Amino acid sequence: MKGTMCGLVKEEAAPGKFVYRTDLPIPQIGDDDVLIKIHCTAVCGTDLHIMDWDKWSQARIHPPMIPGHETAGDIVEVGKNVHDRKVGDRVSCETHIPCGTCWFCKNGLSHICRNVKLFGATEDGAFAEYAKIRADSTFLLDDDIAYETACLFEPMGAGVHGVESADVAGKTVLVSGCGPIGLTAVSACKTFGAKLVIACDLVDERLETAKEMGADVVFNSGKCDLVEEVKKLTDGVGVDAAIDITGAGPAINASLRSVRAAGKLVCVGLPTKNVEMDMANDLIYREVEVTGVSGRKIWETWTDFAKVMKGPYYKLDKVMGNRFALKDFEQAIAQIESGIPGKMILYP
Ligand SMILES: [Zn+2]
Ligand SMILES: [Zn+2]
């Protein structure tokens with residue numbers, strides 16, 4: 001497709017706001033790509049990191065580039081090697097674009113591909129009218145999933161992946177951290193048959209929402225001894241699994257000690273510095289298994305999250321934020337920075 005489009009551009013390798021432009025060339029697709037007419041794209045913490053030009057961005061990003069990756073839209077053009085996507089398909093996109101040839105890709109672990117490319121980071125993304133992406137990095141949307149909802153697959157998928165990793169059916173589970181990803185994890189635990197879901201956070205309002213989204217019991221971990229409370233609920237044993245969404249050292253340690261011996265701690269939240277733990281007493285003597293999850297399993301997490309979204313516990317309005325035109329992105333960013341909760345959605 002020829003012509004120009006509007007979009008946001010990170011123009012320089014330095015801290016600074018994106019620039020809204022209307023003279024960007026529509027991306028030209030390769031033989032394995034599709035061109036997507038973007039319906040809407042959610043703002044992610046990563047976009048703010050790119051704007052602020054943090055260390056993560058400095059190591060990966062080559063301006064000028066178009067950010068934005070939590071997106072949904074319609075395919076308007078397909079490359080000549082693409083046979084399982086067609087014009088008119090409604091899709092969302094997997095940000096982690098695997099190489100398909102490394103050891104991990106060949107062993108069913110493409111989500112941790114060693115040569116991974118990142119849509120909206122190492123590649124141009126979706127804060128624009130159109131975006132191109134490899135066809136096998138698109139996820140077909142069921143008719144009953146709205147574009148706005150579809151933008152949540154990518155960001156909330158990490159929470160669902162954490163729940164998959166904890167293998168929660170029939171188990172007692174602690175979810176630590178009740179922001180949008182933690183709330184999604186709480187709903188996923190209930191959807192996939194956890195026997196008891198305990199949620200904790202430092203903010204009472206978030207705990208109220210966690211109850212609405214399926215938590216059986218909630219604790220403000222700043223106002224109680226979480227480990228003791230969890231033990232009271234589990235015959236003194238501890239939960240079968242804990243899922244940390246916070247990435248905060250003290251919370252991770254409280255979750256670790258809330259897990260029973262031979263239980264599992266799944267770490268989803270990214271710590272910004274090293275976390276200390278008592279490995280001898282909390283881990284080794286108790287044979288606790290600790291694991292991390294990175295992004296989403298492709299495509300297991302996506303199909304599982306679709307089940308969570310359609311299940312009885314998920315409350316979309318609790319994770320959605322406000323909506324803006326793409327050119328008004330600075331208003332969306334101002335709302336995020338002022339602490340207004342929920343995913344902000346931009347429309348080109
Ligand atoms: Zn994101
Ligand atoms: Zn690979």
# chains A, B, ... in the order shown; residues from 1 in each chain; ligands from 1
>>> select_by_dssp(residues="stretch 3-44 of chain A", states="strand (DSSP E)", output="PyMOL selection string")
chain A and resi 4-9+19-25+33-42
>>> write_last_selection(atoms="N, CA and C atoms", output="compact mmCIF listing (two decimals), in the first residue's frame")
# COMPACT_ATOMS: atom_id res chain seq x y z
N THR A 4 0.89 8.08 2.86
CA THR A 4 1.43 8.49 4.14
C THR A 4 0.40 8.24 5.24
N MET A 5 0.90 8.27 6.47
CA MET A 5 0.03 8.00 7.62
C MET A 5 0.48 8.85 8.81
N CYS A 6 -0.38 8.88 9.83
CA CYS A 6 0.00 9.57 11.06
C CYS A 6 0.62 8.56 12.02
N GLY A 7 1.41 9.06 12.95
CA GLY A 7 2.01 8.18 13.94
C GLY A 7 2.87 8.97 14.92
N LEU A 8 3.27 8.27 15.98
CA LEU A 8 4.18 8.87 16.96
C LEU A 8 5.59 8.36 16.67
N VAL A 9 6.56 9.25 16.79
CA VAL A 9 7.94 8.87 16.50
C VAL A 9 8.84 9.25 17.67
N VAL A 19 7.06 12.47 18.97
CA VAL A 19 6.59 13.56 18.09
C VAL A 19 5.46 13.00 17.24
N TYR A 20 4.33 13.71 17.21
CA TYR A 20 3.19 13.30 16.37
C TYR A 20 3.42 13.81 14.96
N ARG A 21 3.38 12.89 13.98
CA ARG A 21 3.60 13.30 12.60
C ARG A 21 2.53 12.73 11.69
N THR A 22 2.29 13.40 10.59
CA THR A 22 1.26 12.94 9.65
C THR A 22 1.87 12.61 8.29
N ASP A 23 3.19 12.64 8.20
CA ASP A 23 3.86 12.46 6.91
C ASP A 23 4.71 11.19 6.87
N LEU A 24 4.35 10.20 7.73
CA LEU A 24 5.14 8.97 7.77
C LEU A 24 4.75 8.06 6.61
N PRO A 25 5.72 7.40 5.99
CA PRO A 25 5.35 6.46 4.91
C PRO A 25 4.62 5.25 5.49
N ASP A 33 5.03 -10.96 5.83
CA ASP A 33 4.38 -9.97 6.71
C ASP A 33 2.91 -9.78 6.38
N VAL A 34 2.25 -9.11 7.33
CA VAL A 34 0.92 -8.55 7.05
C VAL A 34 0.97 -7.07 7.38
N LEU A 35 0.11 -6.30 6.73
CA LEU A 35 -0.07 -4.89 7.09
C LEU A 35 -1.38 -4.79 7.86
N ILE A 36 -1.30 -4.15 9.03
CA ILE A 36 -2.48 -4.03 9.89
C ILE A 36 -2.92 -2.58 9.93
N LYS A 37 -4.22 -2.35 9.69
CA LYS A 37 -4.78 -1.02 9.94
C LYS A 37 -5.12 -1.00 11.41
N ILE A 38 -4.40 -0.16 12.17
CA ILE A 38 -4.51 -0.17 13.63
C ILE A 38 -5.85 0.43 14.05
N HIS A 39 -6.56 -0.31 14.90
CA HIS A 39 -7.79 0.25 15.49
C HIS A 39 -7.45 1.05 16.74
N CYS A 40 -6.67 0.45 17.64
CA CYS A 40 -6.25 1.16 18.85
C CYS A 40 -5.04 0.46 19.46
N THR A 41 -4.31 1.19 20.28
CA THR A 41 -3.10 0.68 20.91
C THR A 41 -3.02 1.21 22.33
N ALA A 42 -2.73 0.33 23.29
CA ALA A 42 -2.64 0.75 24.69
C ALA A 42 -1.22 1.24 25.00
>>> residues_near_ligand(ligand="ligand 1", cutoff="12 Å", atoms="only C-alpha atoms and all ligand atoms", output="PyMOL selection string")
chain A and resi 41-50+67-71+93-96+118-121+125-126+151-158+181+294-296+343-344
>>> residues_near_ligand(ligand="ligand 2", cutoff="7 Å", atoms="only C-alpha atoms and all ligand atoms", output="list in words")
Pro98, Cys99, Gly100, Thr101, Cys102, Trp103, Phe104, Cys105, Ser110, Cys113, Arg114, Asn115 and Val116 of chain A
>>> write_last_selection(atoms="all heavy atoms", output="mmCIF file, in the first residue's frame")
data_model
loop_
_atom_site.group_PDB
_atom_site.id
_atom_site.type_symbol
_atom_site.label_atom_id
_atom_site.label_comp_id
_atom_site.auth_asym_id
_atom_site.auth_seq_id
_atom_site.Cartn_x
_atom_site.Cartn_y
_atom_site.Cartn_z
ATOM 1 N N PRO A 98 9.926 -14.199 17.567
ATOM 2 C CA PRO A 98 11.032 -15.156 17.678
ATOM 3 C C PRO A 98 11.700 -15.399 16.330
ATOM 4 O O PRO A 98 11.089 -15.192 15.284
ATOM 5 C CB PRO A 98 10.334 -16.428 18.177
ATOM 6 C CG PRO A 98 8.913 -16.291 17.752
ATOM 7 C CD PRO A 98 8.600 -14.830 17.584
ATOM 8 N N CYS A 99 12.973 -15.883 16.381
ATOM 9 C CA CYS A 99 13.719 -16.102 15.132
ATOM 10 C C CYS A 99 13.285 -17.372 14.423
ATOM 11 O O CYS A 99 13.415 -17.492 13.215
ATOM 12 C CB CYS A 99 15.220 -16.115 15.407
ATOM 13 S SG CYS A 99 15.801 -17.611 16.261
ATOM 14 N N GLY A 100 12.796 -18.354 15.212
ATOM 15 C CA GLY A 100 12.351 -19.607 14.606
ATOM 16 C C GLY A 100 13.466 -20.613 14.366
ATOM 17 O O GLY A 100 13.197 -21.757 13.991
ATOM 18 N N THR A 101 14.716 -20.220 14.584
ATOM 19 C CA THR A 101 15.819 -21.136 14.252
ATOM 20 C C THR A 101 16.750 -21.447 15.427
ATOM 21 O O THR A 101 17.534 -22.385 15.339
ATOM 22 C CB THR A 101 16.682 -20.554 13.108
ATOM 23 O OG1 THR A 101 17.159 -19.271 13.514
ATOM 24 C CG2 THR A 101 15.875 -20.413 11.833
ATOM 25 N N CYS A 102 16.693 -20.695 16.528
ATOM 26 C CA CYS A 102 17.624 -20.947 17.640
ATOM 27 C C CYS A 102 17.192 -22.192 18.434
ATOM 28 O O CYS A 102 16.110 -22.740 18.215
ATOM 29 C CB CYS A 102 17.712 -19.721 18.567
ATOM 30 S SG CYS A 102 16.268 -19.469 19.609
ATOM 31 N N TRP A 103 18.030 -22.622 19.372
ATOM 32 C CA TRP A 103 17.740 -23.823 20.170
ATOM 33 C C TRP A 103 16.386 -23.689 20.869
ATOM 34 O O TRP A 103 15.596 -24.625 20.914
ATOM 35 C CB TRP A 103 18.863 -24.030 21.198
ATOM 36 C CG TRP A 103 18.747 -25.321 21.955
ATOM 37 C CD1 TRP A 103 19.307 -26.514 21.619
ATOM 38 C CD2 TRP A 103 18.002 -25.536 23.166
ATOM 39 N NE1 TRP A 103 18.965 -27.469 22.543
ATOM 40 C CE2 TRP A 103 18.166 -26.901 23.501
ATOM 41 C CE3 TRP A 103 17.218 -24.728 23.990
ATOM 42 C CZ2 TRP A 103 17.574 -27.458 24.637
ATOM 43 C CZ3 TRP A 103 16.613 -25.279 25.112
ATOM 44 C CH2 TRP A 103 16.802 -26.637 25.420
ATOM 45 N N PHE A 104 16.115 -22.513 21.428
ATOM 46 C CA PHE A 104 14.880 -22.312 22.191
ATOM 47 C C PHE A 104 13.656 -22.401 21.278
ATOM 48 O O PHE A 104 12.670 -23.058 21.600
ATOM 49 C CB PHE A 104 14.933 -20.977 22.942
ATOM 50 C CG PHE A 104 16.069 -20.933 23.918
ATOM 51 C CD1 PHE A 104 17.297 -20.373 23.564
ATOM 52 C CD2 PHE A 104 15.948 -21.493 25.173
ATOM 53 C CE1 PHE A 104 18.364 -20.360 24.454
ATOM 54 C CE2 PHE A 104 17.009 -21.494 26.070
ATOM 55 C CZ PHE A 104 18.219 -20.928 25.708
ATOM 56 N N CYS A 105 13.729 -21.727 20.138
ATOM 57 C CA CYS A 105 12.610 -21.780 19.191
ATOM 58 C C CYS A 105 12.344 -23.218 18.747
ATOM 59 O O CYS A 105 11.198 -23.630 18.583
ATOM 60 C CB CYS A 105 12.898 -20.903 17.977
ATOM 61 S SG CYS A 105 12.702 -19.143 18.315
ATOM 62 N N SER A 110 9.822 -20.598 22.146
ATOM 63 C CA SER A 110 10.079 -19.432 21.294
ATOM 64 C C SER A 110 9.860 -18.110 22.033
ATOM 65 O O SER A 110 10.388 -17.084 21.621
ATOM 66 C CB SER A 110 9.221 -19.489 20.034
ATOM 67 O OG SER A 110 7.859 -19.471 20.371
ATOM 68 N N CYS A 113 13.181 -16.883 22.969
ATOM 69 C CA CYS A 113 14.131 -16.930 21.837
ATOM 70 C C CYS A 113 15.341 -16.042 22.132
ATOM 71 O O CYS A 113 15.211 -14.934 22.614
ATOM 72 C CB CYS A 113 13.406 -16.423 20.579
ATOM 73 S SG CYS A 113 14.500 -15.985 19.221
ATOM 74 N N ARG A 114 16.538 -16.557 21.812
ATOM 75 C CA ARG A 114 17.735 -15.765 22.127
ATOM 76 C C ARG A 114 17.956 -14.624 21.146
ATOM 77 O O ARG A 114 18.753 -13.721 21.411
ATOM 78 C CB ARG A 114 18.964 -16.669 22.190
ATOM 79 C CG ARG A 114 19.279 -17.360 20.880
ATOM 80 C CD ARG A 114 20.449 -18.300 21.021
ATOM 81 N NE ARG A 114 21.677 -17.567 21.249
ATOM 82 C CZ ARG A 114 22.873 -18.143 21.348
ATOM 83 N NH1 ARG A 114 22.968 -19.448 21.259
ATOM 84 N NH2 ARG A 114 23.943 -17.427 21.524
ATOM 85 N N ASN A 115 17.278 -14.685 19.984
ATOM 86 C CA ASN A 115 17.441 -13.612 18.992
ATOM 87 C C ASN A 115 16.162 -12.797 18.847
ATOM 88 O O ASN A 115 15.877 -12.258 17.786
ATOM 89 C CB ASN A 115 17.791 -14.222 17.624
ATOM 90 C CG ASN A 115 18.962 -15.173 17.715
ATOM 91 O OD1 ASN A 115 19.977 -14.846 18.309
ATOM 92 N ND2 ASN A 115 18.821 -16.361 17.143
ATOM 93 N N VAL A 116 15.383 -12.747 19.917
ATOM 94 C CA VAL A 116 14.038 -12.163 19.815
ATOM 95 C C VAL A 116 14.091 -10.706 19.339
ATOM 96 O O VAL A 116 14.967 -9.930 19.739
ATOM 97 C CB VAL A 116 13.315 -12.284 21.181
ATOM 98 C CG1 VAL A 116 13.931 -11.357 22.222
ATOM 99 C CG2 VAL A 116 11.831 -12.041 21.045
#
>>> closest_residue(among="A:Leu202, A:Ala210, A:Ala13, A:Val87", to="A:Ala188", atoms="only C-alpha atoms")
A:Ala210
>>> closest_residue(among="A:Pro64, A:Asp89, A:Gly193, A:Ala261", to="A:Glu164", atoms="only C-alpha atoms")
A:Gly193
>>> closest_residue(among="A:Leu346, A:Ile26, A:Ile340, A:Ile66", to="A:Asp328", atoms="only C-alpha atoms")
A:Leu346
>>> select_by_dssp(residues="stretch 57-271 of chain A", states="helix (DSSP H, G or I)", output="ChimeraX atom specification")
/A:57-60,103-106,110-112,135-137,147-150,153-166,180-191,204-212,226-233,249-258
>>> residues_around(residues="A:Trp53", least_positions_apart="2", cutoff="12 Å", atoms="only C-alpha atoms", output="list in words")
Lys10, Glu11, Glu12, Ala13, Ala14, Pro15, Gly16, Lys17, Phe18, Thr46, Asp47, Leu48, His49, Ile50, Met51, Lys55, Trp56, Ser57, Gln58, Ala59, Arg60, Ile61, His62, Pro63 and Ala121 of chain A
>>> residues_around(residues="stretch 219-221 of chain A", least_positions_apart="6", cutoff="8 Å", atoms="only C-alpha atoms", output="MDAnalysis selection string")
chainID A and resid 198:204 207
>>> write_last_selection(atoms="all heavy atoms", output="compact mmCIF listing (two decimals), in the first residue's frame")
# COMPACT_ATOMS: atom_id res chain seq x y z
N ILE A 198 -5.75 -16.26 47.58
CA ILE A 198 -5.48 -15.19 48.53
C ILE A 198 -4.76 -14.09 47.75
O ILE A 198 -3.79 -14.37 47.04
CB ILE A 198 -4.57 -15.69 49.67
CG1 ILE A 198 -5.18 -16.91 50.36
CG2 ILE A 198 -4.31 -14.57 50.68
CD1 ILE A 198 -4.21 -17.66 51.27
N ALA A 199 -5.22 -12.84 47.88
CA ALA A 199 -4.56 -11.73 47.19
C ALA A 199 -4.05 -10.75 48.22
O ALA A 199 -4.69 -10.54 49.26
CB ALA A 199 -5.52 -11.05 46.22
N CYS A 200 -2.89 -10.16 47.96
CA CYS A 200 -2.40 -9.12 48.87
C CYS A 200 -1.85 -7.94 48.10
O CYS A 200 -1.45 -8.06 46.93
CB CYS A 200 -1.36 -9.70 49.84
SG CYS A 200 0.16 -10.22 49.05
N ASP A 201 -1.88 -6.79 48.75
CA ASP A 201 -1.39 -5.54 48.17
C ASP A 201 -1.24 -4.57 49.34
O ASP A 201 -1.62 -4.88 50.48
CB ASP A 201 -2.42 -5.01 47.14
CG ASP A 201 -1.82 -3.99 46.18
OD1 ASP A 201 -1.60 -2.82 46.60
OD2 ASP A 201 -1.54 -4.35 45.03
N LEU A 202 -0.69 -3.40 49.05
CA LEU A 202 -0.56 -2.38 50.10
C LEU A 202 -1.68 -1.35 50.04
O LEU A 202 -1.78 -0.48 50.89
CB LEU A 202 0.80 -1.66 49.96
CG LEU A 202 2.04 -2.55 50.14
CD1 LEU A 202 3.30 -1.80 49.74
CD2 LEU A 202 2.14 -3.03 51.59
N VAL A 203 -2.55 -1.46 49.00
CA VAL A 203 -3.60 -0.46 48.79
C VAL A 203 -4.98 -1.12 48.94
O VAL A 203 -5.30 -2.05 48.20
CB VAL A 203 -3.47 0.18 47.38
CG1 VAL A 203 -4.55 1.23 47.17
CG2 VAL A 203 -2.08 0.77 47.18
N ASP A 204 -5.76 -0.64 49.91
CA ASP A 204 -7.05 -1.27 50.21
C ASP A 204 -8.02 -1.26 49.02
O ASP A 204 -8.75 -2.23 48.81
CB ASP A 204 -7.71 -0.58 51.42
CG ASP A 204 -6.98 -0.91 52.72
OD1 ASP A 204 -6.40 -2.01 52.80
OD2 ASP A 204 -6.97 -0.06 53.64
N LEU A 207 -7.50 -4.07 46.79
CA LEU A 207 -7.93 -5.34 47.38
C LEU A 207 -9.43 -5.52 47.20
O LEU A 207 -9.91 -6.65 46.99
CB LEU A 207 -7.54 -5.39 48.85
CG LEU A 207 -6.03 -5.43 49.09
CD1 LEU A 207 -5.71 -5.24 50.57
CD2 LEU A 207 -5.43 -6.74 48.58
>>> closest_residue(among="A:Asp74, A:Asp225, A:Glu129, A:Asp52", to="A:Ile333", atoms="only C-alpha atoms")
A:Asp52
>>> atom_distance(atom1="atom CA of A:Leu140", atom2="atom CA of A:Arg90")
6.0 Å
>>> closest_residue(among="A:Val237, A:Val268, A:Ile112, A:Ile29", to="A:Ile75", atoms="only C-alpha atoms")
A:Ile29
>>> residues_around(residues="A:Val197", least_positions_apart="6", cutoff="12 Å", atoms="only C-alpha atoms", output="MDAnalysis selection string")
chainID A and resid 163 168:176 182:183 185:191 210:211 213:219 230 233:234 239:243
>>> atom_distance(atom1="atom CA of A:Lys117", atom2="atom CA of A:Asp136")
13.2 Å
>>> decode(residues="stretch 46-59 of chain A", atoms="all heavy atoms", output="PDB file, in the first residue's frame")
ATOM      1  N   THR A  46       6.719   0.231  29.019  1.00  0.00           N
ATOM      2  CA  THR A  46       7.871   0.208  28.112  1.00  0.00           C
ATOM      3  C   THR A  46       7.914   1.461  27.237  1.00  0.00           C
ATOM      4  O   THR A  46       8.980   2.002  26.959  1.00  0.00           O
ATOM      5  CB  THR A  46       7.804  -1.050  27.216  1.00  0.00           C
ATOM      6  OG1 THR A  46       7.758  -2.192  28.054  1.00  0.00           O
ATOM      7  CG2 THR A  46       9.001  -1.139  26.297  1.00  0.00           C
ATOM      8  N   ASP A  47       6.741   1.921  26.784  1.00  0.00           N
ATOM      9  CA  ASP A  47       6.700   3.134  25.948  1.00  0.00           C
ATOM     10  C   ASP A  47       7.254   4.326  26.725  1.00  0.00           C
ATOM     11  O   ASP A  47       7.958   5.174  26.164  1.00  0.00           O
ATOM     12  CB  ASP A  47       5.269   3.418  25.490  1.00  0.00           C
ATOM     13  CG  ASP A  47       4.675   2.243  24.724  1.00  0.00           C
ATOM     14  OD1 ASP A  47       5.384   1.686  23.872  1.00  0.00           O
ATOM     15  OD2 ASP A  47       3.517   1.886  24.997  1.00  0.00           O
ATOM     16  N   LEU A  48       6.910   4.376  28.013  1.00  0.00           N
ATOM     17  CA  LEU A  48       7.408   5.485  28.834  1.00  0.00           C
ATOM     18  C   LEU A  48       8.917   5.369  29.030  1.00  0.00           C
ATOM     19  O   LEU A  48       9.635   6.372  29.036  1.00  0.00           O
ATOM     20  CB  LEU A  48       6.692   5.520  30.191  1.00  0.00           C
ATOM     21  CG  LEU A  48       5.161   5.602  30.129  1.00  0.00           C
ATOM     22  CD1 LEU A  48       4.583   5.763  31.532  1.00  0.00           C
ATOM     23  CD2 LEU A  48       4.681   6.732  29.243  1.00  0.00           C
ATOM     24  N   HIS A  49       9.415   4.115  29.142  1.00  0.00           N
ATOM     25  CA  HIS A  49      10.868   3.921  29.257  1.00  0.00           C
ATOM     26  C   HIS A  49      11.579   4.404  27.993  1.00  0.00           C
ATOM     27  O   HIS A  49      12.651   4.998  28.056  1.00  0.00           O
ATOM     28  CB  HIS A  49      11.203   2.440  29.499  1.00  0.00           C
ATOM     29  CG  HIS A  49      10.746   1.932  30.827  1.00  0.00           C
ATOM     30  ND1 HIS A  49      10.907   2.642  31.989  1.00  0.00           N
ATOM     31  CD2 HIS A  49      10.123   0.788  31.181  1.00  0.00           C
ATOM     32  CE1 HIS A  49      10.400   1.947  32.994  1.00  0.00           C
ATOM     33  NE2 HIS A  49       9.912   0.828  32.530  1.00  0.00           N
ATOM     34  N   ILE A  50      10.958   4.115  26.843  1.00  0.00           N
ATOM     35  CA  ILE A  50      11.568   4.549  25.572  1.00  0.00           C
ATOM     36  C   ILE A  50      11.597   6.080  25.526  1.00  0.00           C
ATOM     37  O   ILE A  50      12.588   6.691  25.123  1.00  0.00           O
ATOM     38  CB  ILE A  50      10.785   3.970  24.367  1.00  0.00           C
ATOM     39  CG1 ILE A  50      10.915   2.445  24.346  1.00  0.00           C
ATOM     40  CG2 ILE A  50      11.287   4.582  23.060  1.00  0.00           C
ATOM     41  CD1 ILE A  50      10.043   1.752  23.308  1.00  0.00           C
ATOM     42  N   MET A  51      10.491   6.689  25.963  1.00  0.00           N
ATOM     43  CA  MET A  51      10.415   8.152  25.992  1.00  0.00           C
ATOM     44  C   MET A  51      11.514   8.729  26.886  1.00  0.00           C
ATOM     45  O   MET A  51      12.233   9.646  26.498  1.00  0.00           O
ATOM     46  CB  MET A  51       9.039   8.546  26.536  1.00  0.00           C
ATOM     47  CG  MET A  51       8.473   9.810  25.983  1.00  0.00           C
ATOM     48  SD  MET A  51       6.771   9.983  26.561  1.00  0.00           S
ATOM     49  CE  MET A  51       7.013  10.266  28.297  1.00  0.00           C
ATOM     50  N   ASP A  52      11.647   8.121  28.070  1.00  0.00           N
ATOM     51  CA  ASP A  52      12.629   8.629  29.050  1.00  0.00           C
ATOM     52  C   ASP A  52      14.058   8.194  28.722  1.00  0.00           C
ATOM     53  O   ASP A  52      15.004   8.630  29.372  1.00  0.00           O
ATOM     54  CB  ASP A  52      12.273   8.129  30.465  1.00  0.00           C
ATOM     55  CG  ASP A  52      10.928   8.653  30.915  1.00  0.00           C
ATOM     56  OD1 ASP A  52      10.479   9.681  30.348  1.00  0.00           O
ATOM     57  OD2 ASP A  52      10.311   8.043  31.806  1.00  0.00           O
ATOM     58  N   TRP A  53      14.167   7.264  27.750  1.00  0.00           N
ATOM     59  CA  TRP A  53      15.476   6.799  27.278  1.00  0.00           C
ATOM     60  C   TRP A  53      16.309   6.192  28.408  1.00  0.00           C
ATOM     61  O   TRP A  53      17.444   6.582  28.668  1.00  0.00           O
ATOM     62  CB  TRP A  53      16.226   7.965  26.584  1.00  0.00           C
ATOM     63  CG  TRP A  53      17.250   7.465  25.606  1.00  0.00           C
ATOM     64  CD1 TRP A  53      18.609   7.677  25.646  1.00  0.00           C
ATOM     65  CD2 TRP A  53      17.022   6.638  24.464  1.00  0.00           C
ATOM     66  NE1 TRP A  53      19.222   7.020  24.604  1.00  0.00           N
ATOM     67  CE2 TRP A  53      18.274   6.372  23.863  1.00  0.00           C
ATOM     68  CE3 TRP A  53      15.875   6.060  23.889  1.00  0.00           C
ATOM     69  CZ2 TRP A  53      18.426   5.590  22.724  1.00  0.00           C
ATOM     70  CZ3 TRP A  53      16.010   5.283  22.752  1.00  0.00           C
ATOM     71  CH2 TRP A  53      17.269   5.060  22.183  1.00  0.00           C
ATOM     72  N   ASP A  54      15.688   5.174  29.065  1.00  0.00           N
ATOM     73  CA  ASP A  54      16.397   4.484  30.152  1.00  0.00           C
ATOM     74  C   ASP A  54      17.433   3.510  29.582  1.00  0.00           C
ATOM     75  O   ASP A  54      17.571   3.394  28.358  1.00  0.00           O
ATOM     76  CB  ASP A  54      15.393   3.774  31.075  1.00  0.00           C
ATOM     77  CG  ASP A  54      14.733   2.564  30.404  1.00  0.00           C
ATOM     78  OD1 ASP A  54      14.913   2.373  29.176  1.00  0.00           O
ATOM     79  OD2 ASP A  54      14.043   1.810  31.098  1.00  0.00           O
ATOM     80  N   LYS A  55      18.115   2.810  30.469  1.00  0.00           N
ATOM     81  CA  LYS A  55      19.198   1.913  30.036  1.00  0.00           C
ATOM     82  C   LYS A  55      18.690   0.806  29.116  1.00  0.00           C
ATOM     83  O   LYS A  55      19.345   0.432  28.144  1.00  0.00           O
ATOM     84  CB  LYS A  55      19.862   1.277  31.271  1.00  0.00           C
ATOM     85  CG  LYS A  55      20.811   2.218  31.985  1.00  0.00           C
ATOM     86  CD  LYS A  55      21.892   1.400  32.695  1.00  0.00           C
ATOM     87  CE  LYS A  55      22.958   2.304  33.295  1.00  0.00           C
ATOM     88  NZ  LYS A  55      22.725   2.576  34.720  1.00  0.00           N
ATOM     89  N   TRP A  56      17.504   0.270  29.452  1.00  0.00           N
ATOM     90  CA  TRP A  56      16.904  -0.783  28.630  1.00  0.00           C
ATOM     91  C   TRP A  56      16.739  -0.281  27.192  1.00  0.00           C
ATOM     92  O   TRP A  56      17.071  -0.987  26.231  1.00  0.00           O
ATOM     93  CB  TRP A  56      15.552  -1.178  29.236  1.00  0.00           C
ATOM     94  CG  TRP A  56      14.870  -2.312  28.539  1.00  0.00           C
ATOM     95  CD1 TRP A  56      14.968  -3.639  28.845  1.00  0.00           C
ATOM     96  CD2 TRP A  56      13.981  -2.230  27.418  1.00  0.00           C
ATOM     97  NE1 TRP A  56      14.194  -4.383  27.974  1.00  0.00           N
ATOM     98  CE2 TRP A  56      13.594  -3.545  27.096  1.00  0.00           C
ATOM     99  CE3 TRP A  56      13.481  -1.173  26.648  1.00  0.00           C
ATOM    100  CZ2 TRP A  56      12.722  -3.829  26.037  1.00  0.00           C
ATOM    101  CZ3 TRP A  56      12.627  -1.457  25.591  1.00  0.00           C
ATOM    102  CH2 TRP A  56      12.245  -2.772  25.294  1.00  0.00           C
ATOM    103  N   SER A  57      16.236   0.948  27.051  1.00  0.00           N
ATOM    104  CA  SER A  57      16.012   1.508  25.718  1.00  0.00           C
ATOM    105  C   SER A  57      17.328   1.767  24.998  1.00  0.00           C
ATOM    106  O   SER A  57      17.474   1.462  23.810  1.00  0.00           O
ATOM    107  CB  SER A  57      15.242   2.824  25.820  1.00  0.00           C
ATOM    108  OG  SER A  57      14.088   2.650  26.597  1.00  0.00           O
ATOM    109  N   GLN A  58      18.277   2.335  25.741  1.00  0.00           N
ATOM    110  CA  GLN A  58      19.564   2.660  25.128  1.00  0.00           C
ATOM    111  C   GLN A  58      20.219   1.415  24.520  1.00  0.00           C
ATOM    112  O   GLN A  58      20.912   1.502  23.506  1.00  0.00           O
ATOM    113  CB  GLN A  58      20.505   3.271  26.174  1.00  0.00           C
ATOM    114  CG  GLN A  58      20.070   4.656  26.633  1.00  0.00           C
ATOM    115  CD  GLN A  58      20.842   5.106  27.863  1.00  0.00           C
ATOM    116  OE1 GLN A  58      21.991   4.747  28.064  1.00  0.00           O
ATOM    117  NE2 GLN A  58      20.199   5.915  28.693  1.00  0.00           N
ATOM    118  N   ALA A  59      19.981   0.254  25.156  1.00  0.00           N
ATOM    119  CA  ALA A  59      20.622  -0.980  24.691  1.00  0.00           C
ATOM    120  C   ALA A  59      19.927  -1.592  23.480  1.00  0.00           C
ATOM    121  O   ALA A  59      20.490  -2.471  22.823  1.00  0.00           O
ATOM    122  CB  ALA A  59      20.657  -1.997  25.833  1.00  0.00           C
TER     123      ALA A  59
END
